[in-house]
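Engineer: Provided herewith: target_29.cif, mmCIF, C-alpha atoms and all ligand atoms.
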```
data_start
loop_
_atom_site.label_atom_id
_atom_site.label_comp_id
_atom_site.auth_asym_id
_atom_site.auth_seq_id
_atom_site.Cartn_x
_atom_site.Cartn_y
_atom_site.Cartn_z
CA MET A 824 124.01 89.37 -89.32
CA ASN A 825 123.69 89.84 -93.08
CA LYS A 826 120.21 91.31 -93.48
CA ARG A 827 119.99 90.47 -97.19
CA LYS A 828 120.51 86.75 -96.67
CA SER A 829 117.39 84.95 -95.40
CA ALA A 830 117.88 82.79 -92.33
CA PRO A 831 118.05 79.01 -92.91
CA VAL A 832 114.80 77.24 -92.16
CA THR A 833 114.40 73.50 -91.71
CA VAL A 834 110.85 72.24 -92.04
CA HIS A 835 109.93 68.72 -91.11
CA VAL A 836 106.42 67.84 -92.20
CA GLN A 837 104.93 65.14 -90.01
CA ARG A 838 101.79 63.31 -91.05
CA ILE A 839 99.57 61.77 -88.40
CA VAL A 840 96.73 59.61 -89.68
CA VAL A 841 94.07 58.75 -87.13
CA ARG A 842 91.42 56.37 -88.25
CA HIS A 843 87.99 56.22 -86.66
CA ASP A 844 85.53 53.39 -87.13
CA PHE A 845 82.35 53.56 -85.15
CA PRO A 846 79.15 51.56 -85.41
CA VAL A 847 75.86 53.38 -85.93
CA VAL A 848 73.18 50.91 -84.93
CA PHE A 849 69.43 51.09 -85.62
CA THR A 850 67.50 48.98 -83.17
CA ARG A 851 64.51 48.77 -80.80
CA HIS A 852 64.29 47.87 -77.09
CA LEU A 853 67.93 48.88 -76.64
CA PHE A 854 67.92 48.25 -72.89
CA SER A 855 66.07 44.96 -73.05
CA PRO A 856 68.56 42.49 -71.51
CA ARG A 857 68.31 40.32 -74.62
CA ASN A 858 69.35 43.12 -76.97
CA ARG A 859 73.12 42.77 -77.41
CA ALA A 860 73.66 46.00 -79.36
CA LEU A 861 74.88 48.01 -76.37
CA ARG A 862 77.00 45.20 -74.94
CA ASP A 863 78.59 44.52 -78.32
CA ALA A 864 79.33 48.19 -78.88
CA LEU A 865 80.93 48.58 -75.44
CA THR A 866 83.06 45.46 -75.73
CA ARG A 867 84.21 45.92 -79.31
CA ASP A 868 87.74 46.75 -78.11
CA GLY A 869 88.12 43.05 -77.24
CA ASP A 870 89.33 43.91 -73.73
CA SER A 871 88.31 41.16 -71.31
CA ARG A 872 88.09 43.46 -68.26
CA ARG A 873 84.68 44.68 -67.10
CA HIS A 874 83.78 47.85 -68.95
CA ARG A 875 83.01 50.69 -66.58
CA CYS A 876 80.21 53.03 -67.66
CA LEU A 877 78.62 56.24 -66.50
CA VAL A 878 75.16 56.99 -67.86
CA LEU A 879 74.06 60.61 -68.41
CA LEU A 880 70.32 60.89 -68.94
CA ASP A 881 68.15 63.67 -70.40
CA GLN A 882 65.36 64.41 -67.90
CA GLY A 883 62.83 64.79 -70.73
CA VAL A 884 63.54 61.19 -71.68
CA GLN A 885 63.21 60.02 -68.11
CA THR A 886 59.85 61.76 -67.81
CA ALA A 887 58.62 60.07 -70.97
CA PHE A 888 60.13 56.70 -69.98
CA PRO A 889 60.08 56.63 -66.13
CA ARG A 890 61.27 53.03 -65.97
CA LEU A 891 64.40 53.73 -67.99
CA PRO A 892 66.92 54.00 -65.08
CA GLU A 893 65.60 50.70 -63.73
CA GLN A 894 65.89 49.11 -67.18
CA VAL A 895 69.46 50.37 -67.53
CA GLY A 896 70.26 48.85 -64.12
CA ALA A 897 68.73 45.51 -65.12
CA TYR A 898 70.68 45.54 -68.41
CA PHE A 899 73.96 45.99 -66.57
CA GLU A 900 73.06 43.27 -64.08
CA THR A 901 72.35 40.82 -66.89
CA HIS A 902 75.68 41.61 -68.52
CA ALA A 903 77.57 42.03 -65.24
CA LYS A 904 80.43 39.80 -66.37
CA MET A 905 81.39 42.34 -68.99
CA LEU A 906 79.77 45.60 -67.92
CA GLN A 907 79.72 47.65 -64.77
CA LEU A 908 77.79 50.81 -63.87
CA ALA A 909 79.93 53.43 -62.14
CA ARG A 910 76.88 54.93 -60.36
CA THR A 911 73.19 55.52 -60.91
CA PRO A 912 72.51 57.61 -64.04
CA LEU A 913 73.04 61.35 -63.68
CA VAL A 914 69.80 63.00 -64.78
CA LEU A 915 69.84 66.61 -66.02
CA PRO A 916 67.22 68.70 -67.82
CA GLY A 917 67.67 68.51 -71.60
CA GLY A 918 66.64 70.95 -74.32
CA GLU A 919 68.48 74.09 -75.41
CA GLY A 920 68.76 75.29 -71.77
CA ILE A 921 71.50 72.73 -71.15
CA LYS A 922 73.69 74.47 -73.74
CA GLN A 923 73.13 77.98 -72.41
CA SER A 924 75.75 77.86 -69.62
CA ALA A 925 78.73 75.77 -68.63
CA ALA A 926 77.10 74.64 -65.37
CA PRO A 927 75.52 71.40 -66.71
CA VAL A 928 78.80 70.40 -68.39
CA ARG A 929 80.55 70.98 -65.05
CA ARG A 930 78.05 68.70 -63.32
CA MET A 931 78.72 66.03 -65.92
CA LEU A 932 82.48 66.42 -65.43
CA ALA A 933 82.02 66.06 -61.66
CA ALA A 934 80.02 62.86 -62.20
CA LEU A 935 82.71 61.48 -64.55
CA ARG A 936 85.30 62.23 -61.86
CA ALA A 937 83.23 60.76 -59.03
CA GLY A 938 82.55 57.68 -61.15
CA ASN A 939 86.29 57.16 -61.77
CA ILE A 940 85.81 57.16 -65.50
CA CYS A 941 89.13 56.65 -67.28
CA ARG A 942 90.10 56.62 -70.94
CA HIS A 943 89.14 52.96 -71.16
CA SER A 944 85.73 53.46 -69.59
CA PHE A 945 82.61 54.85 -71.18
CA CYS A 946 80.29 57.77 -70.94
CA ILE A 947 76.87 56.74 -72.24
CA ALA A 948 74.74 59.78 -73.06
CA VAL A 949 71.02 59.24 -73.57
CA GLY A 950 69.07 62.23 -74.81
CA GLY A 951 68.11 64.79 -77.42
CA GLY A 952 70.54 66.72 -79.60
CA ALA A 953 71.11 69.49 -77.06
CA PHE A 954 71.78 67.05 -74.24
CA LEU A 955 74.16 65.02 -76.43
CA ASP A 956 75.98 68.18 -77.49
CA ALA A 957 76.64 69.09 -73.84
CA ALA A 958 77.47 65.52 -72.80
CA GLY A 959 79.76 65.16 -75.82
CA LEU A 960 81.68 68.23 -74.74
CA ALA A 961 82.06 66.91 -71.18
CA ALA A 962 83.26 63.53 -72.50
CA ALA A 963 85.69 65.19 -74.91
CA LEU A 964 87.20 67.36 -72.17
CA PHE A 965 87.46 64.77 -69.42
CA HIS A 966 90.91 63.11 -69.47
CA ARG A 967 91.28 64.85 -72.87
CA GLY A 968 88.54 62.61 -74.18
CA VAL A 969 86.82 59.50 -72.86
CA ARG A 970 84.86 57.05 -74.96
CA LEU A 971 81.39 58.38 -75.70
CA VAL A 972 78.45 56.20 -76.61
CA ARG A 973 75.52 58.25 -77.85
CA VAL A 974 71.94 57.09 -77.52
CA PRO A 975 70.01 59.80 -79.38
CA THR A 976 66.37 60.01 -78.37
CA THR A 977 64.88 62.65 -80.69
CA ALA A 978 64.30 62.49 -84.43
CA LEU A 979 66.85 65.22 -85.12
CA ALA A 980 69.47 63.58 -82.91
CA GLN A 981 68.92 60.17 -84.52
CA CYS A 982 69.18 61.45 -88.07
CA ASP A 983 71.72 64.26 -87.76
CA SER A 984 73.33 65.65 -84.62
CA GLY A 985 73.76 62.36 -82.75
CA VAL A 986 75.50 60.50 -85.56
CA GLY A 987 78.10 63.19 -86.35
CA VAL A 988 81.44 64.19 -84.92
CA LYS A 989 80.63 67.48 -83.22
CA ASN A 990 79.57 68.69 -79.81
CA ALA A 991 79.11 72.18 -78.40
CA ILE A 992 77.46 74.55 -75.99
CA ASN A 993 76.42 78.12 -76.68
CA TYR A 994 78.60 80.97 -75.45
CA ALA A 995 78.47 84.77 -75.43
CA GLY A 996 75.12 84.75 -77.23
CA ALA A 997 76.43 82.60 -80.09
CA LYS A 998 75.22 79.11 -80.95
CA ASN A 999 77.74 76.29 -80.57
CA LEU A 1000 80.68 78.61 -79.91
CA LEU A 1001 82.42 76.26 -77.46
CA GLY A 1002 82.90 72.72 -78.59
CA THR A 1003 85.12 70.09 -80.08
CA PHE A 1004 85.24 67.61 -82.93
CA ALA A 1005 85.26 64.16 -81.38
CA PRO A 1006 83.95 61.02 -83.11
CA PRO A 1007 81.85 58.83 -80.80
CA TRP A 1008 82.75 55.27 -79.81
CA ALA A 1009 79.31 54.15 -81.00
CA VAL A 1010 75.84 55.50 -81.78
CA LEU A 1011 72.80 53.44 -80.84
CA ASN A 1012 69.52 54.64 -82.33
CA ASP A 1013 66.50 53.09 -80.63
CA ALA A 1014 63.30 53.77 -82.59
CA ASP A 1015 61.20 53.24 -79.45
CA PHE A 1016 62.28 56.65 -78.19
CA LEU A 1017 60.53 58.29 -81.14
CA GLU A 1018 57.15 57.02 -79.97
CA ALA A 1019 57.02 59.55 -77.13
CA LEU A 1020 57.83 62.52 -79.32
CA PRO A 1021 55.13 65.02 -80.23
CA LEU A 1022 54.80 65.76 -83.96
CA PRO A 1023 56.87 69.00 -83.87
CA LEU A 1024 59.87 67.13 -82.45
CA LEU A 1025 59.51 64.46 -85.15
CA LEU A 1026 59.32 67.22 -87.77
CA ASP A 1027 62.61 68.70 -86.53
CA GLY A 1028 64.31 65.59 -87.87
CA ILE A 1029 62.33 65.72 -91.11
CA ALA A 1030 63.58 69.28 -91.71
CA GLU A 1031 67.18 68.04 -91.59
CA ALA A 1032 66.24 65.20 -93.94
CA VAL A 1033 64.75 67.64 -96.46
CA LYS A 1034 67.91 69.73 -96.13
CA VAL A 1035 70.32 66.91 -96.90
CA ALA A 1036 68.10 65.48 -99.64
CA ALA A 1037 67.87 68.88 -101.33
CA ILE A 1038 71.63 69.15 -101.74
CA LYS A 1039 72.66 65.50 -102.07
CA ASP A 1040 69.95 63.10 -103.15
CA GLU A 1041 67.13 63.96 -105.54
CA ALA A 1042 65.48 60.52 -105.24
CA PHE A 1043 65.37 60.95 -101.45
CA PHE A 1044 63.91 64.43 -101.95
CA ARG A 1045 61.10 62.96 -104.05
CA LEU A 1046 60.52 60.22 -101.49
CA ILE A 1047 60.04 62.78 -98.70
CA GLU A 1048 57.77 64.78 -100.98
CA ARG A 1049 55.62 61.71 -101.68
CA SER A 1050 55.56 60.90 -97.95
CA ALA A 1051 54.66 64.42 -96.79
CA ARG A 1052 51.04 63.63 -95.91
CA LYS A 1053 52.01 60.49 -94.03
CA ILE A 1054 54.62 62.47 -92.13
CA GLN A 1055 52.03 65.05 -91.16
CA ALA A 1056 49.78 62.19 -90.02
CA ARG A 1057 52.67 60.99 -87.78
CA ASP A 1058 53.10 57.71 -89.62
CA LEU A 1059 56.05 56.35 -87.61
CA PRO A 1060 57.24 53.62 -90.02
CA THR A 1061 57.51 56.25 -92.78
CA ILE A 1062 59.24 58.72 -90.47
CA ARG A 1063 61.67 56.04 -89.24
CA ARG A 1064 62.68 55.11 -92.78
CA ILE A 1065 63.33 58.74 -93.66
CA LEU A 1066 65.35 59.38 -90.49
CA GLN A 1067 67.52 56.33 -91.10
CA ARG A 1068 68.28 57.31 -94.68
CA CYS A 1069 69.01 60.84 -93.52
CA ALA A 1070 71.46 59.55 -90.88
CA LEU A 1071 73.30 57.51 -93.51
CA LEU A 1072 73.54 60.51 -95.84
CA HIS A 1073 75.00 62.63 -93.06
CA LEU A 1074 77.50 59.90 -92.20
CA ASP A 1075 78.45 59.46 -95.84
CA HIS A 1076 79.06 63.16 -96.14
CA ILE A 1077 81.26 63.28 -93.04
CA ALA A 1078 83.25 60.26 -94.24
CA THR A 1079 83.68 61.22 -97.89
CA SER A 1080 83.62 65.01 -98.10
CA GLY A 1081 87.31 65.21 -97.28
CA ASP A 1082 86.66 67.71 -94.49
CA PRO A 1083 85.16 65.90 -91.48
CA TYR A 1084 86.52 68.49 -89.04
CA GLU A 1085 85.37 71.45 -91.13
CA LEU A 1086 88.74 73.05 -91.68
CA GLY A 1087 87.69 74.49 -95.04
CA THR A 1088 85.30 77.35 -95.59
CA ALA A 1089 82.42 75.33 -97.06
CA ARG A 1090 79.89 73.49 -94.97
CA PRO A 1091 77.33 71.93 -97.32
CA LEU A 1092 75.38 70.21 -94.53
CA ASP A 1093 74.68 73.67 -93.21
CA TYR A 1094 72.47 74.60 -96.15
CA GLY A 1095 69.92 77.04 -94.71
CA HIS A 1096 71.71 77.17 -91.37
CA TRP A 1097 73.08 80.71 -91.42
CA ALA A 1098 69.48 81.91 -91.17
CA ALA A 1099 68.37 79.03 -88.93
CA HIS A 1100 70.95 79.72 -86.23
CA LYS A 1101 70.12 83.42 -86.27
CA LEU A 1102 66.37 82.74 -86.11
CA GLU A 1103 66.85 80.43 -83.14
CA LEU A 1104 68.66 83.24 -81.31
CA LEU A 1105 66.26 85.99 -82.42
CA SER A 1106 63.33 83.91 -81.21
CA LYS A 1107 65.14 83.22 -77.91
CA HIS A 1108 64.84 79.54 -78.82
CA ARG A 1109 61.06 79.63 -79.21
CA LEU A 1110 61.89 78.22 -82.64
CA SER A 1111 63.49 74.80 -82.37
CA HIS A 1112 66.58 74.07 -84.41
CA GLY A 1113 64.65 71.88 -86.87
CA HIS A 1114 61.84 74.37 -87.38
CA ALA A 1115 64.39 77.15 -87.89
CA VAL A 1116 66.17 74.94 -90.45
CA ALA A 1117 62.89 74.51 -92.38
CA ILE A 1118 62.58 78.30 -92.64
CA GLY A 1119 66.27 78.69 -93.49
CA ILE A 1120 66.19 76.19 -96.36
CA ALA A 1121 62.99 77.74 -97.74
CA LEU A 1122 64.63 81.18 -97.69
CA ASP A 1123 67.80 79.95 -99.35
CA ALA A 1124 65.79 78.03 -101.97
CA PHE A 1125 64.05 81.30 -102.86
CA TYR A 1126 67.41 83.01 -103.07
CA ALA A 1127 68.80 80.18 -105.22
CA ALA A 1128 65.87 80.77 -107.57
CA ARG A 1129 66.57 84.52 -107.69
CA ILE A 1130 70.19 83.95 -108.72
CA GLY A 1131 69.26 81.37 -111.33
CA LEU A 1132 70.42 78.17 -109.61
CA LEU A 1133 66.93 76.76 -109.28
CA PRO A 1134 63.66 77.37 -111.18
CA GLN A 1135 61.24 79.33 -108.96
CA LYS A 1136 58.67 76.56 -109.29
CA GLU A 1137 61.17 74.18 -107.66
CA ALA A 1138 61.63 76.59 -104.74
CA ASP A 1139 57.82 76.70 -104.47
CA ARG A 1140 57.83 72.91 -104.49
CA LEU A 1141 60.14 72.86 -101.48
CA VAL A 1142 57.90 75.31 -99.62
CA ALA A 1143 54.80 73.23 -100.43
CA MET A 1144 56.49 70.04 -99.29
CA LEU A 1145 57.65 71.52 -95.98
CA ARG A 1146 54.18 72.90 -95.32
CA THR A 1147 52.46 69.61 -96.18
CA CYS A 1148 54.73 67.91 -93.66
CA GLY A 1149 53.62 70.50 -91.08
CA LEU A 1150 56.83 72.54 -91.00
CA PRO A 1151 56.94 76.36 -91.08
CA THR A 1152 58.50 78.36 -93.91
CA PHE A 1153 58.17 81.72 -92.21
CA ALA A 1154 58.38 83.18 -88.69
CA PRO A 1155 57.79 86.73 -87.41
CA GLU A 1156 61.53 86.92 -86.54
CA LEU A 1157 62.23 87.03 -90.30
CA SER A 1158 60.48 90.42 -90.52
CA ARG A 1159 62.36 91.92 -87.58
CA THR A 1160 64.65 94.78 -88.60
CA ASP A 1161 67.87 96.15 -87.14
CA ARG A 1162 68.69 99.81 -86.40
CA ARG A 1163 69.42 100.45 -90.05
CA GLY A 1164 66.08 99.00 -91.10
CA ARG A 1165 67.65 95.84 -92.59
CA PRO A 1166 66.21 92.41 -91.78
CA ALA A 1167 67.91 91.41 -88.50
CA VAL A 1168 68.37 87.84 -89.70
CA LEU A 1169 70.90 88.99 -92.32
CA ALA A 1170 73.51 89.45 -89.56
CA GLY A 1171 73.50 85.65 -89.51
CA LEU A 1172 75.45 85.63 -92.77
CA GLU A 1173 78.43 87.47 -91.31
CA GLU A 1174 78.22 85.37 -88.13
CA PHE A 1175 78.26 82.24 -90.28
CA ARG A 1176 81.33 83.50 -92.17
CA ALA A 1177 83.10 84.49 -88.97
CA HIS A 1178 82.38 81.07 -87.44
CA LEU A 1179 84.00 79.21 -90.34
CA GLY A 1180 86.64 81.85 -90.94
CA GLY A 1181 87.93 82.87 -94.35
CA GLU A 1182 85.67 83.64 -97.27
CA LEU A 1183 81.88 83.56 -96.94
CA THR A 1184 80.67 80.27 -98.42
CA VAL A 1185 76.98 79.50 -98.58
CA THR A 1186 75.62 76.29 -100.09
CA TYR A 1187 72.54 76.34 -102.30
CA PRO A 1188 70.63 73.56 -104.05
CA ALA A 1189 71.36 73.80 -107.75
CA PRO A 1190 69.03 72.08 -108.64
CA PHE A 1191 67.68 69.64 -106.01
CA GLY A 1192 70.03 66.72 -105.43
CA SER A 1193 73.08 68.82 -106.22
CA ARG A 1194 74.63 71.95 -104.77
CA ARG A 1195 76.59 75.08 -105.57
CA GLU A 1196 78.74 77.18 -103.30
CA VAL A 1197 78.34 80.93 -103.47
CA HIS A 1198 80.74 83.47 -101.96
CA ALA A 1199 78.72 86.67 -102.04
CA VAL A 1200 75.11 87.21 -101.04
CA ASP A 1201 73.15 90.22 -102.27
CA MET A 1202 71.43 91.54 -99.14
CA ALA A 1203 68.77 93.48 -101.05
CA LEU A 1204 67.87 90.36 -103.01
CA MET A 1205 67.76 88.33 -99.81
CA ALA A 1206 65.43 90.93 -98.26
CA GLU A 1207 63.19 90.50 -101.31
CA CYS A 1208 63.16 86.74 -100.74
CA ILE A 1209 62.04 87.30 -97.14
CA ALA A 1210 59.18 89.46 -98.44
CA ALA A 1211 58.32 86.83 -101.06
CA LEU A 1212 58.19 84.10 -98.40
CA ALA A 1213 55.96 86.31 -96.22
CA ALA A 1214 53.64 86.79 -99.19
CA ARG A 1215 53.21 83.01 -99.53
CA LEU A 1216 51.78 82.69 -96.02
N1 LIG B 1301 76.29 68.41 -82.98
C1 LIG B 1301 75.74 68.59 -84.15
O1 LIG B 1301 76.31 68.28 -85.19
C2 LIG B 1301 74.35 69.18 -84.24
C3 LIG B 1301 73.65 69.14 -85.46
C4 LIG B 1301 72.33 69.62 -85.51
C5 LIG B 1301 71.74 70.11 -84.34
N2 LIG B 1301 72.46 70.15 -83.18
C6 LIG B 1301 71.87 70.69 -81.95
O2 LIG B 1301 70.83 69.84 -81.52
C7 LIG B 1301 69.95 70.60 -80.68
C8 LIG B 1301 68.50 70.25 -80.97
O3 LIG B 1301 68.31 68.92 -80.62
P1 LIG B 1301 66.88 68.19 -80.66
O4 LIG B 1301 66.13 68.64 -81.85
O5 LIG B 1301 67.17 66.76 -80.50
O6 LIG B 1301 66.09 68.79 -79.42
P2 LIG B 1301 66.46 68.91 -77.89
O7 LIG B 1301 67.67 68.15 -77.53
O8 LIG B 1301 66.45 70.38 -77.59
O9 LIG B 1301 65.23 68.19 -77.18
C9 LIG B 1301 63.96 68.77 -77.16
C10 LIG B 1301 63.17 68.28 -75.93
O10 LIG B 1301 62.81 66.90 -76.08
C11 LIG B 1301 63.09 66.19 -74.87
N3 LIG B 1301 63.28 64.80 -75.28
C12 LIG B 1301 64.38 64.21 -75.78
N4 LIG B 1301 64.09 62.95 -76.15
C13 LIG B 1301 62.79 62.73 -75.87
C14 LIG B 1301 61.92 61.62 -76.05
N5 LIG B 1301 62.31 60.48 -76.62
N6 LIG B 1301 60.65 61.74 -75.65
C15 LIG B 1301 60.19 62.90 -75.12
N7 LIG B 1301 60.97 64.00 -74.94
C16 LIG B 1301 62.27 63.91 -75.33
C17 LIG B 1301 64.27 66.92 -74.29
O11 LIG B 1301 64.36 66.71 -72.89
C18 LIG B 1301 63.95 68.37 -74.63
O12 LIG B 1301 63.11 68.91 -73.67
C19 LIG B 1301 70.28 72.06 -80.94
O13 LIG B 1301 70.99 72.58 -79.84
C20 LIG B 1301 71.18 72.01 -82.15
O14 LIG B 1301 72.11 73.07 -82.18
C21 LIG B 1301 73.74 69.69 -83.11
ZN ZN B 1302 70.99 71.41 -88.30
#
```
Mind converting the file's structure to C-alpha cells?
Ligand SMILES: NC(=O)c1ccc[n+]([C@@H]2O[C@H](COP(=O)([O-])OP(=O)(O)OC[C@H]3O[C@@H](n4cnc5c(N)ncnc54)[C@H](O)[C@@H]3O)[C@@H](O)[C@H]2O)c1
Ligand SMILES: [Zn+2]
Structural biologist:
Amino acid sequence: MNKRKSAPVTVHVQRIVVRHDFPVVFTRHLFSPRNRALRDALTRDGDSRRHRCLVLLDQGVQTAFPRLPEQVGAYFETHAKMLQLARTPLVLPGGEGIKQSAAPVRRMLAALRAGNICRHSFCIAVGGGAFLDAAGLAAALFHRGVRLVRVPTTALAQCDSGVGVKNAINYAGAKNLLGTFAPPWAVLNDADFLEALPLPLLLDGIAEAVKVAAIKDEAFFRLIERSARKIQARDLPTIRRILQRCALLHLDHIATSGDPYELGTARPLDYGHWAAHKLELLSKHRLSHGHAVAIGIALDAFYAARIGLLPQKEADRLVAMLRTCGLPTFAPELSRTDRRGRPAVLAGLEEFRAHLGGELTVTYPAPFGSRREVHAVDMALMAECIAALAARL
C-alpha cells in the first residue's frame, strides 16, 4: 500500500427530520368525566381502537387526593369506548428519593410489562418533577419508548420540568446522570393539584419562573417582582398565571433555541443551576431543587454584577424580589469548604462543564431579560460573591 496516498473515503450524509407536536393543556378537574382534555390527548392519533393506558401515581399526590385512583377509574369507565385501563394505578413514593436508585424505575418497567403496554399504548404519569423524571425514563426505555402523558402535580413540574423533553435519575452521586431526551405525547396541567401544595413547593416553581424571566423576558421579570407579596401570601390565581407564563417560556425556548436535545455547550435555561445542583447534593437534598435554584441565580447575579454584565443594584433587586416571595438567597452549604479551603460549591462548575462536555459555558443575565454566555469563571471572585451574599443575610 502506498503510504503517501490517503485511502479513498466515501461519505454519505443522511438527514433524518423527526417532528414532534405535543399539546400542553392548562385545565382544572382533569379527571372529572366531563373534562375531555385527557381523552382528546390520548385519542389524537385518530386510531379507532381502544387506547390502553397504565397510570403511574406519585404517593404524595395520592395522600393529598385520596380519591384520585377512584376518580381515574370512573374517568376510564365513562370513556370506556375509547379508553382502557391496563390495571389499577401503580403508586410509588415521589420526591427526590425516587431518583436515587434504579429500583423504582424497575418497578415501573415491570408494571408496563405486566400491563402489556405497547408502542401504541400509553403511560400516564401523575406526580411531581422527580416522579415524572423517573417515570419518563421508564417510558423512554420500555419498548425503546412508549407514549408518555405527563400530569405534573407540583408548581415546578407544571412550569418547567414536566413540560420539557428530558427525564433522568441520579447516579453515582451525580444529579440526572442517567436519562434520555424524549418529548412527551401530551402534558396536562391541572391547577387543582396546586391547591394541596405548601408554600415552599409553590415557591419552587416561582424560582424557575424568576430564572427564565431574568434571562428571557424583562416584562415577566417585572410582573413577578410586582407580584412578590401576593406570591408570599400564597395568592393562587397570581401564582397560576406566573406558572403558566413560565411554562410557555420554557416551551418556546426548547422549540426555538435550535438545540432542544442540548448537543451544544450552552444551556441558558440552566442559569444558576451549576450551583443549584451542587447545593442540592451538598445538602443531601434538604434543599429542594427550586430553593437551590433561587440561591444559584442570586449567586450568579452577584457574579454578573462583578464582571460588569449587570449593575449591582439590579443584582440586589433580584435578591430582594426572591426574599419578598419567601425564597432563600443563601444556605449554610454555600459556606462549606473543601480540603483546600475553597468553597465546596465551586466544584459544581467543573461538574456542570463535564456534564455538557466541551468548553465551560455559563449563562448570566446581562441585563435582566437578556443573557450572555461566559466561558471562564474567576473562582476567587465567585468566592467573594458568596461572602457578599452571606453579608446580605
Ligand atoms: N426533567 C427536567 O427537565 C427537570 C427540570 C427541572 C427540575 N427537574 C427535577 O424535578 C425534581 C423536583 O421536582 P418537584 O419540585 O416537582 O418536587 P418533587 O417531585 O420532589 O415533589 C416534592 C414532594 O411533593 C409531593 N407532591 C407532588 N405533587 C403534590 C401535590 N399536588 N400535593 C401534595 N404533594 C405533592 C411529592 O410526592 C414529593 O414528596 C428534581 O429532581 C429536579 O432535578 C427536572
Ligand atoms: Zn431547574
Engineer: Residues contacting ligand LIG 1301 (chain B) - anything with an atom at most 6 Å away, using all atoms listed in the file - can you give me those as JSON, numbers by chain?
Structural biologist: {"A": [881, 882, 883, 884, 887, 917, 918, 919, 950, 951, 952, 953, 954, 956, 976, 977, 979, 980, 983, 984, 987, 989, 990, 1016, 1017, 1019, 1020, 1027, 1112]}
Engineer: Tell me which residues come within 6 Å of (78.4, 55.6, -84.1), as a list of chain:residue names, counting only C-alpha atoms in the file's coordinates.
Structural biologist: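 Nearby residues: A:Phe845, A:Pro846, A:Val847, A:Val986, A:Pro1007, A:Ala1009, A:Val1010.
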Engineer: For a quick check of understanding, using all atoms listed in the file, which of A:Ala1213, A:Met1205, A:Val1035, A:Leu1086 has the smallest distance to A:Tyr1126?
Structural biologist: A:Met1205
Engineer: Identify which of the residues A:Val1168, A:Ala1117, A:Leu1071, A:Leu853 lies closest to ligand ZN 1302 (chain B), counting all atoms listed in the file when measuring atom-to-atom distances.
Structural biologist: A:Ala1117
Engineer: Considering all atoms listed in the file, state which residue in the set A:Arg973, A:Arg1140, A:Arg1068, A:Lys1101 is at the smallest distance from A:Leu1169.
Structural biologist: A:Lys1101
Engineer: As a list in words, please: the residues near stretch 907-910 of chain A (cut-off 7 Å, all atoms listed in the file, same-chain neighbours under 6 positions excluded).
Structural biologist: Arg873, His874, Arg875, Cys876, Leu877, Phe899 and Gly938 of chain A
Engineer: Pick the closest to A:Cys1148 from A:Arg967, A:Arg842, A:Arg1194, A:Arg1049: which is it, counting all atoms listed in the file?
Structural biologist: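 Smallest separation from A:Cys1148 among the options: A:Arg1049.
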Engineer: Which residues are near A:Ser1193? Cut-off 9 Å, only C-alpha atoms, ignore same chain within fewer than 3 positions. Put them as a list of chain:residue names.
Structural biologist: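 The filter keeps A:Ala1036, A:Ala1037, A:Ile1038, A:Lys1039, A:Asp1040, A:Glu1041, A:Tyr1187, A:Pro1188, A:Ala1189, A:Pro1190.
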Engineer: Just how far from atom CA of A:Arg1176 is atom CA of A:Ala1199, in Å to one decimal?
Structural biologist: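 These two atoms are separated by 10.7 Å.
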Engineer: Return the single residue from A:His1108, A:Arg1195, A:Arg1052, A:Arg1064 that is closest to A:Asp1123, with distances computed using only C-alpha atoms.
Structural biologist: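 So, comparing all the options, the nearest one is A:Arg1195.
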Engineer: Distance atom CA of A:Pro916-atom CA of A:Leu1000, one decimal place?
Structural biologist: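 We find that atom CA of A:Pro916 and atom CA of A:Leu1000 lie 20.6 Å from each other.
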Engineer: Atom CA of A:Asn939 and atom CA of A:Arg970 are how many Å apart?
Structural biologist: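 That distance, rounded to one decimal, is 13.3 Å.
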Engineer: Return the single residue from A:Gln1067, A:Ser944, A:Gln894, A:Ser1050 that is closest to A:Thr850, with distances computed using all atoms listed in the file.
Structural biologist: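 Between A:Gln1067, A:Ser944, A:Gln894, A:Ser1050, the residue approaching A:Thr850 most closely is A:Gln1067.
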Engineer: Would you list the contacts of A:Leu1059 as a PDB file with C-alpha atoms, keeping the file's coordinate frame, taking every protein, DNA or RNA residue within 10 Å and counting all atoms listed in the file, but skipping same-chain residues closer than 3 positions in sequence?
Structural biologist:
```pdb
ATOM      1  CA  ALA A1014      63.300  53.770 -82.590  1.00  0.00           C
ATOM      2  CA  LEU A1017      60.530  58.290 -81.140  1.00  0.00           C
ATOM      3  CA  GLU A1018      57.150  57.020 -79.970  1.00  0.00           C
ATOM      4  CA  LEU A1025      59.510  64.460 -85.150  1.00  0.00           C
ATOM      5  CA  LYS A1053      52.010  60.490 -94.030  1.00  0.00           C
ATOM      6  CA  ILE A1054      54.620  62.470 -92.130  1.00  0.00           C
ATOM      7  CA  ALA A1056      49.780  62.190 -90.020  1.00  0.00           C
ATOM      8  CA  ILE A1062      59.240  58.720 -90.470  1.00  0.00           C
ATOM      9  CA  ARG A1063      61.670  56.040 -89.240  1.00  0.00           C
ATOM     10  CA  ARG A1064      62.680  55.110 -92.780  1.00  0.00           C
ATOM     11  CA  ILE A1065      63.330  58.740 -93.660  1.00  0.00           C
TER      12      ILE A1065
END
```
Engineer: From the block I gave, I'd like stretch 1133-1148 of chain A written with C-alpha atoms, as a short mmCIF file (atom, residue, chain, number, x, y, z; two decimals), in the first residue's frame.
Structural biologist:
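Output saved as out35.cif:
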```cif
data_model
loop_
_atom_site.label_atom_id
_atom_site.label_comp_id
_atom_site.auth_asym_id
_atom_site.auth_seq_id
_atom_site.Cartn_x
_atom_site.Cartn_y
_atom_site.Cartn_z
CA LEU A 1133 -25.35 43.80 35.43
CA PRO A 1134 -25.40 46.85 37.74
CA GLN A 1135 -25.01 45.72 41.37
CA LYS A 1136 -28.30 47.39 42.26
CA GLU A 1137 -30.03 45.09 39.76
CA ALA A 1138 -28.46 42.04 41.43
CA ASP A 1139 -29.70 43.43 44.75
CA ARG A 1140 -33.13 43.81 43.18
CA LEU A 1141 -33.18 40.12 42.31
CA VAL A 1142 -32.20 39.18 45.86
CA ALA A 1143 -34.91 41.45 47.31
CA MET A 1144 -37.52 40.01 44.98
CA LEU A 1145 -36.66 36.39 45.81
CA ARG A 1146 -36.74 37.18 49.52
CA THR A 1147 -40.07 39.00 49.30
CA CYS A 1148 -41.51 35.93 47.60
#
```
